[in-house]
$ cat run-v9.pdb   # PDB, C-alpha atoms and all ligand atoms
ATOM      1  CA  MET A   1     138.084 101.082-136.188  1.00  0.00           C
ATOM      2  CA  ALA A   2     139.586 104.484-135.446  1.00  0.00           C
ATOM      3  CA  PHE A   3     140.782 103.854-131.938  1.00  0.00           C
ATOM      4  CA  GLY A   4     143.782 106.168-132.202  1.00  0.00           C
ATOM      5  CA  ARG A   5     141.623 109.210-132.708  1.00  0.00           C
ATOM      6  CA  ARG A   6     140.490 111.289-129.779  1.00  0.00           C
ATOM      7  CA  ASN A   7     137.976 113.631-131.295  1.00  0.00           C
ATOM      8  CA  VAL A   8     135.282 112.512-128.856  1.00  0.00           C
ATOM      9  CA  GLU A   9     135.025 114.942-125.996  1.00  0.00           C
ATOM     10  CA  GLU A  10     135.660 113.262-122.679  1.00  0.00           C
ATOM     11  CA  VAL A  11     132.797 113.558-120.253  1.00  0.00           C
ATOM     12  CA  VAL A  12     134.207 114.490-116.880  1.00  0.00           C
ATOM     13  CA  THR A  13     132.117 113.335-113.981  1.00  0.00           C
ATOM     14  CA  GLU A  14     132.407 114.227-110.349  1.00  0.00           C
ATOM     15  CA  GLU A  15     130.692 113.152-107.167  1.00  0.00           C
ATOM     16  CA  THR A  16     128.360 116.034-106.511  1.00  0.00           C
ATOM     17  CA  LYS A  17     126.428 116.818-103.380  1.00  0.00           C
ATOM     18  CA  ILE A  18     122.704 116.653-103.987  1.00  0.00           C
ATOM     19  CA  TRP A  19     119.453 116.535-102.053  1.00  0.00           C
ATOM     20  CA  GLU A  20     117.005 113.728-102.712  1.00  0.00           C
ATOM     21  CA  CYS A  21     113.295 113.778-102.081  1.00  0.00           C
ATOM     22  CA  THR A  22     112.320 111.367 -99.297  1.00  0.00           C
ATOM     23  CA  SER A  23     108.988 110.504-100.890  1.00  0.00           C
ATOM     24  CA  GLU A  24     109.104 107.079-102.520  1.00  0.00           C
ATOM     25  CA  ASP A  25     106.810 108.159-105.338  1.00  0.00           C
ATOM     26  CA  CYS A  26     108.978 111.095-106.220  1.00  0.00           C
ATOM     27  CA  ILE A  27     112.277 110.979-108.065  1.00  0.00           C
ATOM     28  CA  CYS A  28     113.093 114.629-107.608  1.00  0.00           C
ATOM     29  CA  TRP A  29     116.567 115.738-106.532  1.00  0.00           C
ATOM     30  CA  VAL A  30     118.446 119.009-106.678  1.00  0.00           C
ATOM     31  CA  ARG A  31     122.103 119.931-106.774  1.00  0.00           C
ATOM     32  CA  ASP A  32     123.336 121.358-103.513  1.00  0.00           C
ATOM     33  CA  ASN A  33     124.269 124.631-105.168  1.00  0.00           C
ATOM     34  CA  PHE A  34     120.731 124.934-106.573  1.00  0.00           C
ATOM     35  CA  LYS A  35     118.941 124.333-103.323  1.00  0.00           C
ATOM     36  CA  SER A  36     116.534 126.981-102.149  1.00  0.00           C
ATOM     37  CA  SER A  37     117.508 126.950 -98.472  1.00  0.00           C
ATOM     38  CA  ASP A  38     119.866 125.176 -96.077  1.00  0.00           C
ATOM     39  CA  VAL A  39     117.457 122.284 -95.671  1.00  0.00           C
ATOM     40  CA  PRO A  40     115.446 122.282 -98.870  1.00  0.00           C
ATOM     41  CA  THR A  41     112.022 120.791 -99.385  1.00  0.00           C
ATOM     42  CA  CYS A  42     111.075 119.094-102.607  1.00  0.00           C
ATOM     43  CA  PRO A  43     109.893 121.612-105.200  1.00  0.00           C
ATOM     44  CA  LEU A  44     107.479 119.021-106.615  1.00  0.00           C
ATOM     45  CA  CYS A  45     105.809 117.409-103.627  1.00  0.00           C
ATOM     46  CA  ASP A  46     107.025 119.485-100.670  1.00  0.00           C
ATOM     47  CA  SER A  47     108.528 116.498 -98.841  1.00  0.00           C
ATOM     48  CA  PRO A  48     111.731 116.820 -96.840  1.00  0.00           C
ATOM     49  CA  MET A  49     114.918 116.144 -98.728  1.00  0.00           C
ATOM     50  CA  ASN A  50     117.926 114.094 -97.635  1.00  0.00           C
ATOM     51  CA  PRO A  51     121.508 115.004 -98.430  1.00  0.00           C
ATOM     52  CA  SER A  52     123.168 112.530-100.753  1.00  0.00           C
ATOM     53  CA  THR A  53     125.718 112.389-103.529  1.00  0.00           C
ATOM     54  CA  LYS A  54     125.445 111.599-107.201  1.00  0.00           C
ATOM     55  CA  VAL A  55     128.090 111.232-109.889  1.00  0.00           C
ATOM     56  CA  LEU A  56     127.224 113.918-112.394  1.00  0.00           C
ATOM     57  CA  PRO A  57     128.868 115.345-115.485  1.00  0.00           C
ATOM     58  CA  VAL A  58     130.858 118.425-114.645  1.00  0.00           C
ATOM     59  CA  VAL A  59     129.689 121.498-116.463  1.00  0.00           C
ATOM     60  CA  GLU A  60     132.896 122.977-117.740  1.00  0.00           C
ATOM     61  CA  ASN A  61     133.518 126.441-116.499  1.00  0.00           C
ATOM     62  CA  HIS A  62     136.581 128.059-118.027  1.00  0.00           C
ATOM     63  CA  SER A  63     136.865 130.748-115.395  1.00  0.00           C
ATOM     64  CA  ARG A  64     137.182 128.124-112.653  1.00  0.00           C
ATOM     65  CA  HIS A  65     139.365 125.400-114.039  1.00  0.00           C
ATOM     66  CA  HIS A  66     140.791 122.891-111.598  1.00  0.00           C
ATOM     67  CA  LEU A  67     142.898 119.887-112.384  1.00  0.00           C
ATOM     68  CA  LYS A  68     143.218 116.791-110.281  1.00  0.00           C
TER      69      LYS A  68
HETATM   70 ZN    ZN B 101     109.348 115.125-104.091  1.00  0.00          ZN
END
$ encode --input "run-v9.pdb" --output "structure tokens"
Amino acid sequence: MAFGRRNVEEVVTEETKIWECTSEDCICWVRDNFKSSDVPTCPLCDSPMNPSTKVLPVVENHSRHHLK
């Protein structure tokens, strides 16, 4: 058991704003910064989308590093 070692990269997650498809048959959602317009419609089924949040892994971006 190598519990002292920290060679596993920590996955940083963050509550991210997303848009969820309102159709019950559809599981599509998009990140807010990937949305196509201010009030996006689902790219799969064209239904309206509701703003929501999801805890997602943060994609590390070295040019925009912020610490909490
Ligand atoms: Zn949809």
$ residues_near_ligand --input "run-v9.pdb" --ligand "ligand ZN 101 (chain B)" --cutoff "9 Å" --atoms "only C-alpha atoms and all ligand atoms" --output "number ranges by chain"
A: 20-29, 41-49
$ atom_distance --input "run-v9.pdb" --atom1 "CA of Phe34 in chain A" --atom2 "CA of Val11 in chain A"
21.5 Å
$ resolve_selection --input "run-v9.pdb" --expression "the PyMOL selection byres (((chain A and resi 12) around 10) and not hetatm)" --output "list of chain:residue names"
A:Glu9, A:Glu10, A:Val11, A:Thr13, A:Glu14, A:Val55, A:Leu56, A:Pro57, A:Val58, A:Val59, A:Glu60
$ residues_around --input "run-v9.pdb" --residues "Lys54 in chain A" --least-positions-apart "5" --cutoff "7 Å" --atoms "only C-alpha atoms" --output "PyMOL selection string"
chain A and resi 15-18
$ resolve_selection --input "run-v9.pdb" --expression "the PyMOL selection byres (((chain A and resi 51) around 6) and not hetatm)" --output "list in words"
Ile18, Trp19, Asn50 and Ser52 of chain A
